[in-house]
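data-v9.tsv (TSV, C-alpha atoms and all ligand atoms) appears below.
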```tsv
chain	number	residue	atom	x	y	z
A	197	MET	CA	40.76	-18.39	18.29
A	198	GLU	CA	40.41	-22.16	18.75
A	199	ASN	CA	38.12	-24.10	16.42
A	200	SER	CA	34.89	-25.00	18.22
A	201	ALA	CA	31.14	-25.35	17.63
A	202	LYS	CA	31.04	-21.54	17.35
A	203	TYR	CA	34.20	-20.89	15.40
A	204	PHE	CA	35.79	-22.72	12.52
A	205	GLU	CA	38.65	-21.54	10.39
A	206	ASN	CA	39.24	-23.38	7.12
A	207	ARG	CA	42.71	-22.27	6.09
A	208	SER	CA	42.83	-24.96	3.38
A	209	CYS	CA	40.02	-23.22	1.46
A	210	ASP	CA	41.23	-21.90	-1.94
A	211	TYR	CA	39.65	-18.54	-1.11
A	212	TYR	CA	41.05	-18.14	2.42
A	213	PRO	CA	41.13	-15.35	3.56
A	214	CYS	CA	38.16	-14.20	1.49
A	215	HIS	CA	38.29	-10.84	3.30
A	216	LYS	CA	41.74	-9.32	3.12
A	217	GLY	CA	43.26	-7.87	6.29
A	218	MET	CA	41.54	-10.23	8.75
A	219	GLU	CA	43.98	-12.18	10.86
A	220	GLU	CA	41.26	-14.57	12.07
A	221	LEU	CA	38.15	-15.39	10.12
A	222	ASN	CA	35.14	-17.53	11.10
A	223	CYS	CA	34.20	-19.67	8.07
A	224	LEU	CA	31.05	-21.13	9.71
A	225	PHE	CA	28.90	-18.53	7.99
A	226	CYS	CA	30.71	-18.71	4.66
A	227	TYR	CA	27.32	-18.30	2.96
A	228	CYS	CA	25.84	-15.49	4.98
A	229	PRO	CA	22.42	-16.41	6.46
A	230	PHE	CA	21.31	-12.77	6.16
A	231	TYR	CA	21.87	-12.46	2.42
A	232	GLY	CA	18.14	-12.67	1.66
A	233	TRP	CA	17.25	-10.04	4.26
A	234	GLU	CA	16.49	-6.58	2.90
A	235	GLU	CA	18.11	-5.14	6.02
A	236	CYS	CA	20.84	-7.02	7.84
A	237	PRO	CA	23.43	-6.27	10.53
A	238	GLY	CA	26.30	-6.02	8.04
A	239	LYS	CA	27.68	-3.42	5.65
A	240	ASN	CA	26.35	-3.67	2.13
A	241	GLU	CA	25.14	-1.71	-0.83
A	242	TYR	CA	22.53	-2.35	-3.49
A	243	VAL	CA	23.39	-1.97	-7.15
A	244	THR	CA	21.00	-2.06	-10.07
A	245	LYS	CA	22.18	-3.99	-13.11
A	246	LYS	CA	21.53	-2.91	-16.69
A	247	ASP	CA	18.75	-5.50	-16.95
A	248	GLY	CA	17.01	-3.92	-13.92
A	249	ARG	CA	18.01	-6.58	-11.37
A	250	ARG	CA	18.78	-5.19	-7.91
A	251	ILE	CA	21.75	-6.97	-6.36
A	252	LYS	CA	23.00	-6.87	-2.78
A	253	VAL	CA	26.78	-6.47	-2.67
A	254	CYS	CA	28.52	-7.53	0.56
A	255	THR	CA	32.16	-7.25	-0.51
A	256	ASP	CA	33.12	-4.98	2.42
A	257	CYS	CA	31.18	-6.87	5.08
A	258	THR	CA	33.03	-8.98	7.66
A	259	PHE	CA	30.19	-9.22	10.22
A	260	PRO	CA	29.48	-12.99	9.99
A	261	HIS	CA	33.20	-13.79	9.93
A	262	VAL	CA	34.40	-11.73	12.91
A	263	PRO	CA	35.61	-14.08	15.70
A	264	GLY	CA	33.22	-13.71	18.64
A	265	ASN	CA	30.21	-12.72	16.47
A	266	TRP	CA	28.61	-16.19	16.58
A	267	GLU	CA	26.25	-15.18	19.45
A	268	LYS	CA	25.22	-12.02	17.60
A	269	VAL	CA	24.53	-13.90	14.34
A	270	VAL	CA	22.51	-16.62	16.07
A	271	GLY	CA	20.69	-14.07	18.28
A	272	ILE	CA	19.53	-12.06	15.24
A	273	LEU	CA	18.52	-15.23	13.38
A	274	LYS	CA	16.43	-16.31	16.36
A	275	MET	CA	14.82	-12.88	16.48
A	276	GLY	CA	13.74	-13.23	12.85
A	277	GLN	CA	13.72	-10.82	9.95
A	278	GLN	CA	10.52	-8.92	10.83
A	279	ALA	CA	11.36	-8.44	14.50
A	280	TYR	CA	14.88	-7.29	13.57
A	281	TYR	CA	13.45	-4.76	11.11
A	282	LYS	CA	11.00	-3.49	13.73
A	283	GLU	CA	13.75	-3.10	16.30
A	284	LYS	CA	15.81	-1.04	13.85
A	285	HIS	CA	12.84	1.16	12.94
A	286	PRO	CA	10.76	1.63	16.09
A	287	LEU	CA	7.29	2.90	15.23
A	288	PRO	CA	5.42	5.25	17.60
A	289	CYS	CA	2.18	4.01	19.11
A	290	LYS	CA	-0.13	5.67	16.58
A	291	PHE	CA	-3.21	4.99	14.49
A	292	TYR	CA	-2.11	4.96	10.84
A	293	GLY	CA	-4.49	5.17	7.89
A	294	ILE	CA	-2.67	3.50	5.01
A	295	GLY	CA	-3.74	3.93	1.41
A	296	VAL	CA	-2.79	0.83	-0.57
A	297	GLY	CA	-3.48	2.28	-4.01
A	298	PRO	CA	-6.07	1.26	-6.58
A	299	GLY	CA	-5.31	-2.45	-6.96
A	300	GLU	CA	-1.89	-3.05	-8.44
A	301	ALA	CA	0.56	-4.25	-5.80
A	302	SER	CA	3.40	-2.24	-7.38
A	303	LEU	CA	1.48	1.00	-6.84
A	304	ILE	CA	1.77	0.88	-3.04
A	305	THR	CA	4.10	3.71	-2.03
A	306	LYS	CA	7.40	3.01	-0.30
A	307	LYS	CA	6.26	4.85	2.83
A	308	ALA	CA	3.00	2.90	2.96
A	309	SER	CA	4.86	-0.43	2.62
A	310	GLN	CA	7.35	0.51	5.34
A	311	ILE	CA	4.58	1.41	7.80
A	312	LEU	CA	2.59	-1.67	6.79
A	313	LYS	CA	5.56	-3.84	7.64
A	314	LEU	CA	6.10	-2.13	10.99
A	315	VAL	CA	2.64	-1.74	12.52
A	316	ASP	CA	1.82	-4.26	15.24
A	317	VAL	CA	-1.75	-4.88	14.24
A	318	LEU	CA	-4.07	-4.23	11.31
A	319	VAL	CA	-7.71	-3.28	11.79
A	320	LEU	CA	-9.78	-3.68	8.66
A	321	PRO	CA	-13.36	-2.85	7.85
A	322	GLY	CA	-15.11	-5.73	6.10
A	323	LYS	CA	-14.70	-9.49	5.92
A	324	LYS	CA	-11.34	-11.11	5.27
A	325	GLU	CA	-12.61	-13.05	2.24
A	326	ASN	CA	-13.60	-9.89	0.36
A	327	CYS	CA	-11.29	-7.23	1.77
A	328	ARG	CA	-9.56	-5.91	-1.36
A	329	ALA	CA	-7.29	-3.54	0.53
A	330	TYR	CA	-5.92	-6.48	2.52
A	331	ASP	CA	-5.47	-8.60	-0.63
A	332	ILE	CA	-3.52	-5.81	-2.35
A	333	ALA	CA	-1.28	-5.36	0.70
A	334	VAL	CA	-0.58	-9.10	1.03
A	335	GLU	CA	0.16	-9.42	-2.69
A	336	ALA	CA	2.72	-6.63	-2.36
A	337	MET	CA	4.17	-7.91	0.92
A	338	PRO	CA	3.38	-11.58	1.60
A	339	GLU	CA	5.21	-11.34	4.93
A	340	ILE	CA	2.38	-9.25	6.46
A	341	ALA	CA	-0.01	-12.21	6.14
A	342	GLY	CA	1.17	-13.44	9.55
A	343	LYS	CA	0.45	-10.11	11.26
A	344	GLU	CA	-2.28	-9.75	13.87
A	345	CYS	CA	-5.43	-8.64	12.01
A	346	VAL	CA	-8.93	-7.78	13.13
A	347	PHE	CA	-11.69	-7.70	10.52
A	348	LEU	CA	-14.82	-5.78	11.49
A	349	PRO	CA	-17.67	-6.43	9.06
A	350	PHE	CA	-19.69	-3.43	7.88
A	351	PRO	CA	-23.24	-3.13	9.26
A	352	MET	CA	-26.13	-4.38	7.11
A	353	SER	CA	-27.37	-0.82	6.70
A	354	MET	CA	-24.97	1.87	5.50
A	355	LYS	CA	-27.22	4.60	6.90
A	356	GLU	CA	-27.19	6.52	10.16
A	357	PRO	CA	-27.24	5.56	13.03
A	358	GLU	CA	-25.83	2.10	12.17
A	359	LEU	CA	-22.87	3.60	10.35
A	360	THR	CA	-21.94	5.89	13.25
A	361	ALA	CA	-22.24	2.96	15.65
A	362	PHE	CA	-19.90	0.99	13.38
A	363	HIS	CA	-17.31	3.79	13.31
A	364	ARG	CA	-17.46	3.96	17.11
A	365	ALA	CA	-16.98	0.20	17.41
A	366	VAL	CA	-13.92	0.33	15.13
A	367	ALA	CA	-12.51	3.31	17.06
A	368	GLU	CA	-12.99	1.42	20.36
A	369	GLN	CA	-11.16	-1.61	18.98
A	370	VAL	CA	-8.32	0.64	17.77
A	371	THR	CA	-7.97	2.43	21.11
A	372	GLU	CA	-7.88	-0.92	22.94
A	373	PHE	CA	-4.78	-1.82	20.93
A	374	LEU	CA	-3.25	1.62	21.43
A	375	LYS	CA	-3.72	1.25	25.20
A	376	GLU	CA	-1.72	-1.99	24.98
A	377	GLY	CA	1.10	0.05	23.42
A	378	LYS	CA	0.54	-1.35	19.90
A	379	SER	CA	0.73	0.68	16.70
A	380	VAL	CA	-2.35	0.15	14.55
A	381	GLY	CA	-2.74	0.27	10.76
A	382	PHE	CA	-6.04	0.73	8.95
A	383	LEU	CA	-5.99	-0.14	5.26
A	384	SER	CA	-7.90	1.74	2.65
A	385	ILE	CA	-8.12	1.04	-1.05
A	386	GLY	CA	-6.84	4.04	-3.06
A	387	ASP	CA	-6.01	6.97	-0.82
A	388	VAL	CA	-7.02	7.51	2.81
A	389	THR	CA	-8.05	11.12	2.26
A	390	ILE	CA	-10.63	10.28	-0.40
A	391	TYR	CA	-13.94	8.68	0.65
A	392	SER	CA	-12.22	6.48	3.21
A	393	THR	CA	-13.79	5.04	6.38
A	394	TYR	CA	-10.46	5.84	8.04
A	395	ALA	CA	-11.37	9.56	8.23
A	396	TYR	CA	-14.43	8.89	10.44
A	397	VAL	CA	-12.57	6.51	12.73
A	398	GLU	CA	-9.47	8.71	12.84
A	399	GLN	CA	-11.55	11.64	14.13
A	400	LEU	CA	-12.89	9.54	17.01
A	401	VAL	CA	-9.46	8.11	17.87
A	402	ALA	CA	-7.85	11.59	17.75
A	403	GLU	CA	-10.66	12.97	19.97
A	404	ALA	CA	-9.80	10.26	22.47
A	405	GLY	CA	-6.30	11.79	22.64
A	406	TRP	CA	-4.32	9.38	20.46
A	407	GLU	CA	-1.82	10.27	17.74
A	408	THR	CA	-2.92	9.53	14.18
A	409	GLU	CA	-1.31	9.75	10.75
A	410	TYR	CA	-2.62	9.69	7.19
A	411	VAL	CA	-0.33	7.73	4.83
A	412	ASN	CA	-1.21	8.43	1.22
A	413	GLY	CA	-1.91	5.92	-1.51
A	414	ILE	CA	-2.51	6.49	-5.21
A	415	PRO	CA	-6.22	7.21	-5.70
A	416	SER	CA	-8.10	5.22	-8.32
A	417	PHE	CA	-8.96	8.25	-10.46
A	418	LEU	CA	-5.27	9.08	-10.97
A	419	ALA	CA	-4.42	5.46	-11.76
A	420	SER	CA	-7.41	5.31	-14.14
A	421	ALA	CA	-6.23	8.39	-16.04
A	422	ALA	CA	-2.77	6.83	-16.37
A	423	ARG	CA	-4.37	3.55	-17.51
A	424	LEU	CA	-6.29	5.46	-20.18
A	425	GLY	CA	-3.19	7.47	-21.11
A	426	VAL	CA	-4.90	10.83	-20.74
A	427	PRO	CA	-4.23	13.92	-18.63
A	428	LEU	CA	-6.97	14.96	-16.22
A	429	THR	CA	-6.32	18.68	-16.40
A	430	LEU	CA	-4.38	21.05	-18.60
A	431	GLY	CA	-3.74	24.79	-18.42
A	432	SER	CA	-6.41	26.45	-16.30
A	433	GLU	CA	-8.95	23.60	-16.51
A	434	GLU	CA	-10.84	22.67	-13.38
A	435	MET	CA	-11.45	19.16	-12.10
A	436	HIS	CA	-14.36	17.97	-9.98
A	437	ILE	CA	-14.68	14.69	-8.12
A	438	ILE	CA	-18.28	13.59	-7.83
A	439	PRO	CA	-19.48	10.77	-5.57
A	440	GLY	CA	-22.37	8.46	-6.41
A	441	SER	CA	-24.62	10.23	-3.91
A	442	ALA	CA	-24.46	13.54	-5.85
A	443	ASP	CA	-27.13	14.76	-8.25
A	444	VAL	CA	-25.89	13.72	-11.70
A	445	GLU	CA	-27.68	16.48	-13.59
A	446	THR	CA	-26.26	19.25	-11.41
A	447	ALA	CA	-22.81	17.69	-11.54
A	448	LEU	CA	-22.81	17.60	-15.33
A	449	MET	CA	-23.19	21.38	-15.42
A	450	LEU	CA	-19.81	21.84	-13.73
A	451	PRO	CA	-16.92	23.08	-15.91
A	452	GLY	CA	-13.69	21.20	-16.64
A	453	THR	CA	-12.96	17.50	-16.16
A	454	LEU	CA	-15.50	15.50	-14.17
A	455	VAL	CA	-14.53	12.38	-12.27
A	456	PHE	CA	-17.42	10.21	-11.08
A	457	MET	CA	-16.52	7.74	-8.35
A	458	LYS	CA	-18.52	5.12	-6.47
A	459	SER	CA	-21.54	5.65	-8.74
A	460	GLY	CA	-22.87	2.22	-7.76
A	461	LYS	CA	-26.58	1.93	-8.50
A	462	LYS	CA	-26.55	5.34	-10.20
A	463	LEU	CA	-24.08	4.20	-12.88
A	464	LEU	CA	-26.78	3.53	-15.48
A	465	GLU	CA	-28.50	6.84	-14.73
A	466	LEU	CA	-25.14	8.52	-15.26
A	467	LYS	CA	-24.72	6.63	-18.54
A	468	THR	CA	-28.13	7.86	-19.86
A	469	LYS	CA	-27.39	11.48	-18.96
A	470	LEU	CA	-23.91	11.29	-20.49
A	471	ILE	CA	-25.28	9.92	-23.79
A	472	GLU	CA	-27.76	12.81	-23.93
A	473	LEU	CA	-25.13	15.39	-23.09
A	474	SER	CA	-22.56	14.10	-25.56
A	475	LYS	CA	-24.97	15.00	-28.41
A	476	VAL	CA	-24.55	18.69	-27.60
A	477	LYS	CA	-21.19	18.92	-25.86
A	478	ASP	CA	-17.62	18.47	-27.10
A	479	MET	CA	-16.65	15.80	-24.60
A	480	GLU	CA	-15.37	12.26	-24.24
A	481	VAL	CA	-16.38	9.65	-21.70
A	482	MET	CA	-14.05	6.93	-20.44
A	483	ALA	CA	-14.41	4.48	-17.59
A	484	VAL	CA	-12.04	2.16	-15.76
A	485	SER	CA	-13.49	-0.49	-13.48
A	486	ASN	CA	-11.38	-2.34	-10.88
A	487	CYS	CA	-8.30	-0.42	-11.99
A	488	GLY	CA	-5.09	-2.45	-11.67
A	489	MET	CA	-6.93	-5.61	-10.60
A	490	GLN	CA	-7.21	-8.86	-12.52
A	491	ASN	CA	-10.78	-8.06	-13.55
A	492	GLU	CA	-9.94	-4.55	-14.77
A	493	LEU	CA	-12.29	-3.27	-17.45
A	494	VAL	CA	-11.65	-0.27	-19.68
A	495	THR	CA	-14.69	1.27	-21.38
A	496	ILE	CA	-14.54	4.04	-23.96
A	497	GLY	CA	-17.80	5.85	-24.68
A	498	ALA	CA	-20.84	6.31	-22.42
A	499	GLU	CA	-22.97	3.95	-24.54
A	500	LYS	CA	-20.64	1.04	-23.70
A	501	ILE	CA	-21.04	1.38	-19.90
A	502	THR	CA	-23.08	-1.50	-18.47
A	503	GLU	CA	-23.97	-2.93	-15.07
A	504	GLU	CA	-20.95	-5.18	-15.46
A	505	ASN	CA	-18.66	-2.21	-14.84
A	506	GLY	CA	-19.60	-2.53	-11.16
A	507	TYR	CA	-19.11	-0.52	-7.99
A	508	LEU	CA	-15.38	0.23	-8.33
A	509	THR	CA	-15.80	2.21	-11.54
A	510	VAL	CA	-14.24	5.58	-12.22
A	511	VAL	CA	-15.92	7.54	-15.02
A	512	ILE	CA	-13.89	10.37	-16.50
A	513	VAL	CA	-15.64	13.03	-18.58
A	514	ARG	CA	-13.34	15.48	-20.29
A	515	LYS	CA	-13.11	17.96	-23.14
A	516	LYS	CA	-12.49	16.21	-26.46
A	517	THR	CA	-10.58	19.03	-28.08
A	518	CYS	CA	-6.84	18.80	-27.54
A	519	TYR	CA	-5.19	21.42	-25.44
A	520	GLN	CA	-3.54	24.08	-27.58
A	521	PRO	CA	-0.59	25.70	-25.80
B	601	LIG	S1	26.11	-7.37	4.43
B	601	LIG	FE1	27.18	-8.85	5.70
B	601	LIG	S2	25.64	-9.55	7.15
B	601	LIG	FE2	24.55	-8.56	5.49
B	601	LIG	S3	24.06	-10.19	4.05
B	601	LIG	FE3	26.00	-9.33	3.38
B	601	LIG	S4	27.55	-10.58	4.37
B	601	LIG	FE4	25.63	-10.97	5.44
```
Could you quickly redo this structure as structure tokens?
Amino acid sequence: MENSAKYFENRSCDYYPCHKGMEELNCLFCYCPFYGWEECPGKNEYVTKKDGRRIKVCTDCTFPHVPGNWEKVVGILKMGQQAYYKEKHPLPCKFYGIGVGPGEASLITKKASQILKLVDVLVLPGKKENCRAYDIAVEAMPEIAGKECVFLPFPMSMKEPELTAFHRAVAEQVTEFLKEGKSVGFLSIGDVTIYSTYAYVEQLVAEAGWETEYVNGIPSFLASAARLGVPLTLGSEEMHIIPGSADVETALMLPGTLVFMKSGKKLLELKTKLIELSKVKDMEVMAVSNCGMQNELVTIGAEKITEENGYLTVVIVRKKTCYQP
């Protein structure tokens, strides 16, 4: 092939031909422009070094050097990394509820990150400036910051009928996008199956005849137990998850490990009852607030719980005595 603006062979290079067996080799893309792309049009493998670094190895790839591939290389570059990834992994037009985990970017699951990258639009409950689920997702994948997003602030009152009207408004917005043929993601802190607004909206969207999918995240109570370095259940022990709206006294009569979530204004009432109960019961009380976030707070002992622990606090009450196999 003749040298031109699209093809240049540098036979005087010390390394020519850097790929054995090629009779003609385009040196224009000597340093491959796709090297930084997680997925590229070439043939590669990833190896993990002893120090944990993950390296892309392109030894067997000739894609950028094949004579006649200039148009393909430039076409893919023009398309851009995200569009190329989306074309390779087409996503059905669905409403996805995506759990982004408790707060630490590294705790977003691989499946959740893949779907996050691929959805056309994100619909989020709340305001952008204080949407923690969005912040976690962007910290994990800065590239999604440019994605189309719609933030729908919660109503002033979290009671019926305002809340139902809000869920309907979100569902309408979601179905508008689905009608346009766009896949929609809805982010939820923790997991989407646990106290998530997604469940209410999903029901309405599914009733309207659209496909939906729950994509799990790590719930805060599991991450909190790991943060504390304790198991939640052993042997035949039970575990109960108790929301802030429940009656604390009744809940404390339940057997096994108790996990109190979203206690909110009832946190100090819970504290008082736990202090009383710990005088007569063999139990330990631990709390993790804002698990995995910069302002994470670990509290051991009911008496140390204060208002500062805040809304995103998980209180774990468990048997003190070690499990004897
Ligand atoms: S595999 Fe090929 S196309 Fe992909 S980065 Fe390596 S050299 Fe470039």
Return as JSON lines the residues of chain A lying at most 10 Å from ligand LIG 601 (chain B), together with the closest atom-to-atom pair for each and the distance in Å to one decimal, counting all atoms listed in the file, with rows in chain order and ascending residue number.
```
{"residue": "A:Phe225", "atom": "CA", "partner": "B:LIG601", "partner_atom": "FE4", "distance": 8.6}
{"residue": "A:Cys226", "atom": "CA", "partner": "B:LIG601", "partner_atom": "S4", "distance": 8.7}
{"residue": "A:Tyr227", "atom": "CA", "partner": "B:LIG601", "partner_atom": "S4", "distance": 7.9}
{"residue": "A:Cys228", "atom": "CA", "partner": "B:LIG601", "partner_atom": "FE4", "distance": 4.5}
{"residue": "A:Pro229", "atom": "CA", "partner": "B:LIG601", "partner_atom": "FE4", "distance": 6.4}
{"residue": "A:Phe230", "atom": "CA", "partner": "B:LIG601", "partner_atom": "S3", "distance": 4.3}
{"residue": "A:Tyr231", "atom": "CA", "partner": "B:LIG601", "partner_atom": "S3", "distance": 3.6}
{"residue": "A:Gly232", "atom": "CA", "partner": "B:LIG601", "partner_atom": "S3", "distance": 6.8}
{"residue": "A:Trp233", "atom": "CA", "partner": "B:LIG601", "partner_atom": "S3", "distance": 6.8}
{"residue": "A:Glu234", "atom": "CA", "partner": "B:LIG601", "partner_atom": "S3", "distance": 8.5}
{"residue": "A:Glu235", "atom": "CA", "partner": "B:LIG601", "partner_atom": "FE2", "distance": 7.3}
{"residue": "A:Cys236", "atom": "CA", "partner": "B:LIG601", "partner_atom": "FE2", "distance": 4.7}
{"residue": "A:Pro237", "atom": "CA", "partner": "B:LIG601", "partner_atom": "S2", "distance": 5.2}
{"residue": "A:Gly238", "atom": "CA", "partner": "B:LIG601", "partner_atom": "S2", "distance": 3.7}
{"residue": "A:Lys239", "atom": "CA", "partner": "B:LIG601", "partner_atom": "S1", "distance": 4.4}
{"residue": "A:Asn240", "atom": "CA", "partner": "B:LIG601", "partner_atom": "S1", "distance": 4.4}
{"residue": "A:Glu241", "atom": "CA", "partner": "B:LIG601", "partner_atom": "S1", "distance": 7.8}
{"residue": "A:Lys252", "atom": "CA", "partner": "B:LIG601", "partner_atom": "FE3", "distance": 7.3}
{"residue": "A:Val253", "atom": "CA", "partner": "B:LIG601", "partner_atom": "FE3", "distance": 6.7}
{"residue": "A:Cys254", "atom": "CA", "partner": "B:LIG601", "partner_atom": "FE3", "distance": 4.2}
{"residue": "A:Thr255", "atom": "CA", "partner": "B:LIG601", "partner_atom": "S4", "distance": 7.5}
{"residue": "A:Asp256", "atom": "CA", "partner": "B:LIG601", "partner_atom": "S1", "distance": 7.7}
{"residue": "A:Cys257", "atom": "CA", "partner": "B:LIG601", "partner_atom": "FE1", "distance": 4.5}
{"residue": "A:Thr258", "atom": "CA", "partner": "B:LIG601", "partner_atom": "FE1", "distance": 6.2}
{"residue": "A:Phe259", "atom": "CA", "partner": "B:LIG601", "partner_atom": "FE1", "distance": 5.4}
{"residue": "A:Pro260", "atom": "CA", "partner": "B:LIG601", "partner_atom": "S2", "distance": 5.9}
{"residue": "A:His261", "atom": "CA", "partner": "B:LIG601", "partner_atom": "S4", "distance": 8.6}
{"residue": "A:Val269", "atom": "CA", "partner": "B:LIG601", "partner_atom": "S2", "distance": 8.5}
```
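Rounded to one decimal, CA of Asn206 (chain A) and CA of Asn222 (chain A) lie 8.2 Å from each other.
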Enclosing box along x, y and z for every listed atom of region 358-367 of chain A, padded 3 Å each side, centre and size in Å, one decimal, as JSON:
```
{"center_x": -19.2, "center_y": 3.0, "center_z": 13.9, "size_x": 19.3, "size_y": 11.7, "size_z": 13.1}
```
(message) Please report the interatomic distance between CA of Phe291 (chain A) and CA of Gln277 (chain A) in Å with one decimal.
(response) 23.6 Å
(request) May I have the residues within 10 Å of region 408-419 of chain A as an NGL selection string, using all atoms listed in the file and disregarding those fewer than 4 positions away in the same chain? (result) :A and (288-300 or 303-309 or 311 or 379-390 or 394-395 or 398-399 or 401-402 or 423-428 or 437 or 455-457 or 483-488 or 508-512)
Keeping C-alpha atoms, export the residues of the selection given above as a CSV table (one decimal), keeping the file's coordinate frame.
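Writing the result to out17.csv gives the following:
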```csv
chain,number,residue,atom,x,y,z
A,288,PRO,CA,5.4,5.2,17.6
A,289,CYS,CA,2.2,4.0,19.1
A,290,LYS,CA,-0.1,5.7,16.6
A,291,PHE,CA,-3.2,5.0,14.5
A,292,TYR,CA,-2.1,5.0,10.8
A,293,GLY,CA,-4.5,5.2,7.9
A,294,ILE,CA,-2.7,3.5,5.0
A,295,GLY,CA,-3.7,3.9,1.4
A,296,VAL,CA,-2.8,0.8,-0.6
A,297,GLY,CA,-3.5,2.3,-4.0
A,298,PRO,CA,-6.1,1.3,-6.6
A,299,GLY,CA,-5.3,-2.4,-7.0
A,300,GLU,CA,-1.9,-3.0,-8.4
A,303,LEU,CA,1.5,1.0,-6.8
A,304,ILE,CA,1.8,0.9,-3.0
A,305,THR,CA,4.1,3.7,-2.0
A,306,LYS,CA,7.4,3.0,-0.3
A,307,LYS,CA,6.3,4.8,2.8
A,308,ALA,CA,3.0,2.9,3.0
A,309,SER,CA,4.9,-0.4,2.6
A,311,ILE,CA,4.6,1.4,7.8
A,379,SER,CA,0.7,0.7,16.7
A,380,VAL,CA,-2.4,0.2,14.6
A,381,GLY,CA,-2.7,0.3,10.8
A,382,PHE,CA,-6.0,0.7,9.0
A,383,LEU,CA,-6.0,-0.1,5.3
A,384,SER,CA,-7.9,1.7,2.6
A,385,ILE,CA,-8.1,1.0,-1.0
A,386,GLY,CA,-6.8,4.0,-3.1
A,387,ASP,CA,-6.0,7.0,-0.8
A,388,VAL,CA,-7.0,7.5,2.8
A,389,THR,CA,-8.0,11.1,2.3
A,390,ILE,CA,-10.6,10.3,-0.4
A,394,TYR,CA,-10.5,5.8,8.0
A,395,ALA,CA,-11.4,9.6,8.2
A,398,GLU,CA,-9.5,8.7,12.8
A,399,GLN,CA,-11.6,11.6,14.1
A,401,VAL,CA,-9.5,8.1,17.9
A,402,ALA,CA,-7.8,11.6,17.8
A,423,ARG,CA,-4.4,3.6,-17.5
A,424,LEU,CA,-6.3,5.5,-20.2
A,425,GLY,CA,-3.2,7.5,-21.1
A,426,VAL,CA,-4.9,10.8,-20.7
A,427,PRO,CA,-4.2,13.9,-18.6
A,428,LEU,CA,-7.0,15.0,-16.2
A,437,ILE,CA,-14.7,14.7,-8.1
A,455,VAL,CA,-14.5,12.4,-12.3
A,456,PHE,CA,-17.4,10.2,-11.1
A,457,MET,CA,-16.5,7.7,-8.4
A,483,ALA,CA,-14.4,4.5,-17.6
A,484,VAL,CA,-12.0,2.2,-15.8
A,485,SER,CA,-13.5,-0.5,-13.5
A,486,ASN,CA,-11.4,-2.3,-10.9
A,487,CYS,CA,-8.3,-0.4,-12.0
A,488,GLY,CA,-5.1,-2.4,-11.7
A,508,LEU,CA,-15.4,0.2,-8.3
A,509,THR,CA,-15.8,2.2,-11.5
A,510,VAL,CA,-14.2,5.6,-12.2
A,511,VAL,CA,-15.9,7.5,-15.0
A,512,ILE,CA,-13.9,10.4,-16.5
```
(message) Residues within 12 Å of (11.8, -4.5, 13.6), file coordinates, counting all atoms listed in the file: what are they? Give the list as a ChimeraX atom specification.
(response) /A:234-236,272,275-287,310-316
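Distance annotation: of A:Leu463, A:Ile340, A:Leu430, A:Cys214, the residue with the minimal separation from Asp443 (chain A) is A:Leu463; atom set is all atoms listed in the file.
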(request) Calculate how many Å separate CA of Thr468 (chain A) from CA of Ala422 (chain A), rounding to one decimal. (result)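 Interatomic distance, CA of Thr468 (chain A) to CA of Ala422 (chain A): 25.6 Å.
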(request) Could you pull out every residue with an atom within 10 Å of (-20.1, 14.1, -23.0), file coordinates, counting all atoms listed in the file, and send them as a VMD selection string? (result) chain A and resid 448 467 469 to 482 497 to 498 512 to 516
(message) Need the shell around Glu205 (chain A): protein/DNA/RNA residues with any atom at most 10 Å away, counting all atoms listed in the file. Skip same-chain ones fewer than 3 positions apart. Format as a list in words?
(response)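 The residues satisfying every condition are Met197, Glu198, Asn199, Ser200, Ser208, Cys209, Tyr212, Pro213, Glu220, Leu221, Asn222, Cys223, Leu224, His261 and Pro263 of chain A.
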(request) Pick out the closest residue to Ala301 (chain A) from this set: A:Arg328, A:Lys245, A:Lys268, A:Lys323. Count only C-alpha atoms. (result) A:Arg328
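Among A:Ala329, A:Ser441, A:Glu267, A:Tyr211, the residue with the shortest atom-to-atom distance to Ser392 (chain A), counting all atoms listed in the file, is A:Ala329.
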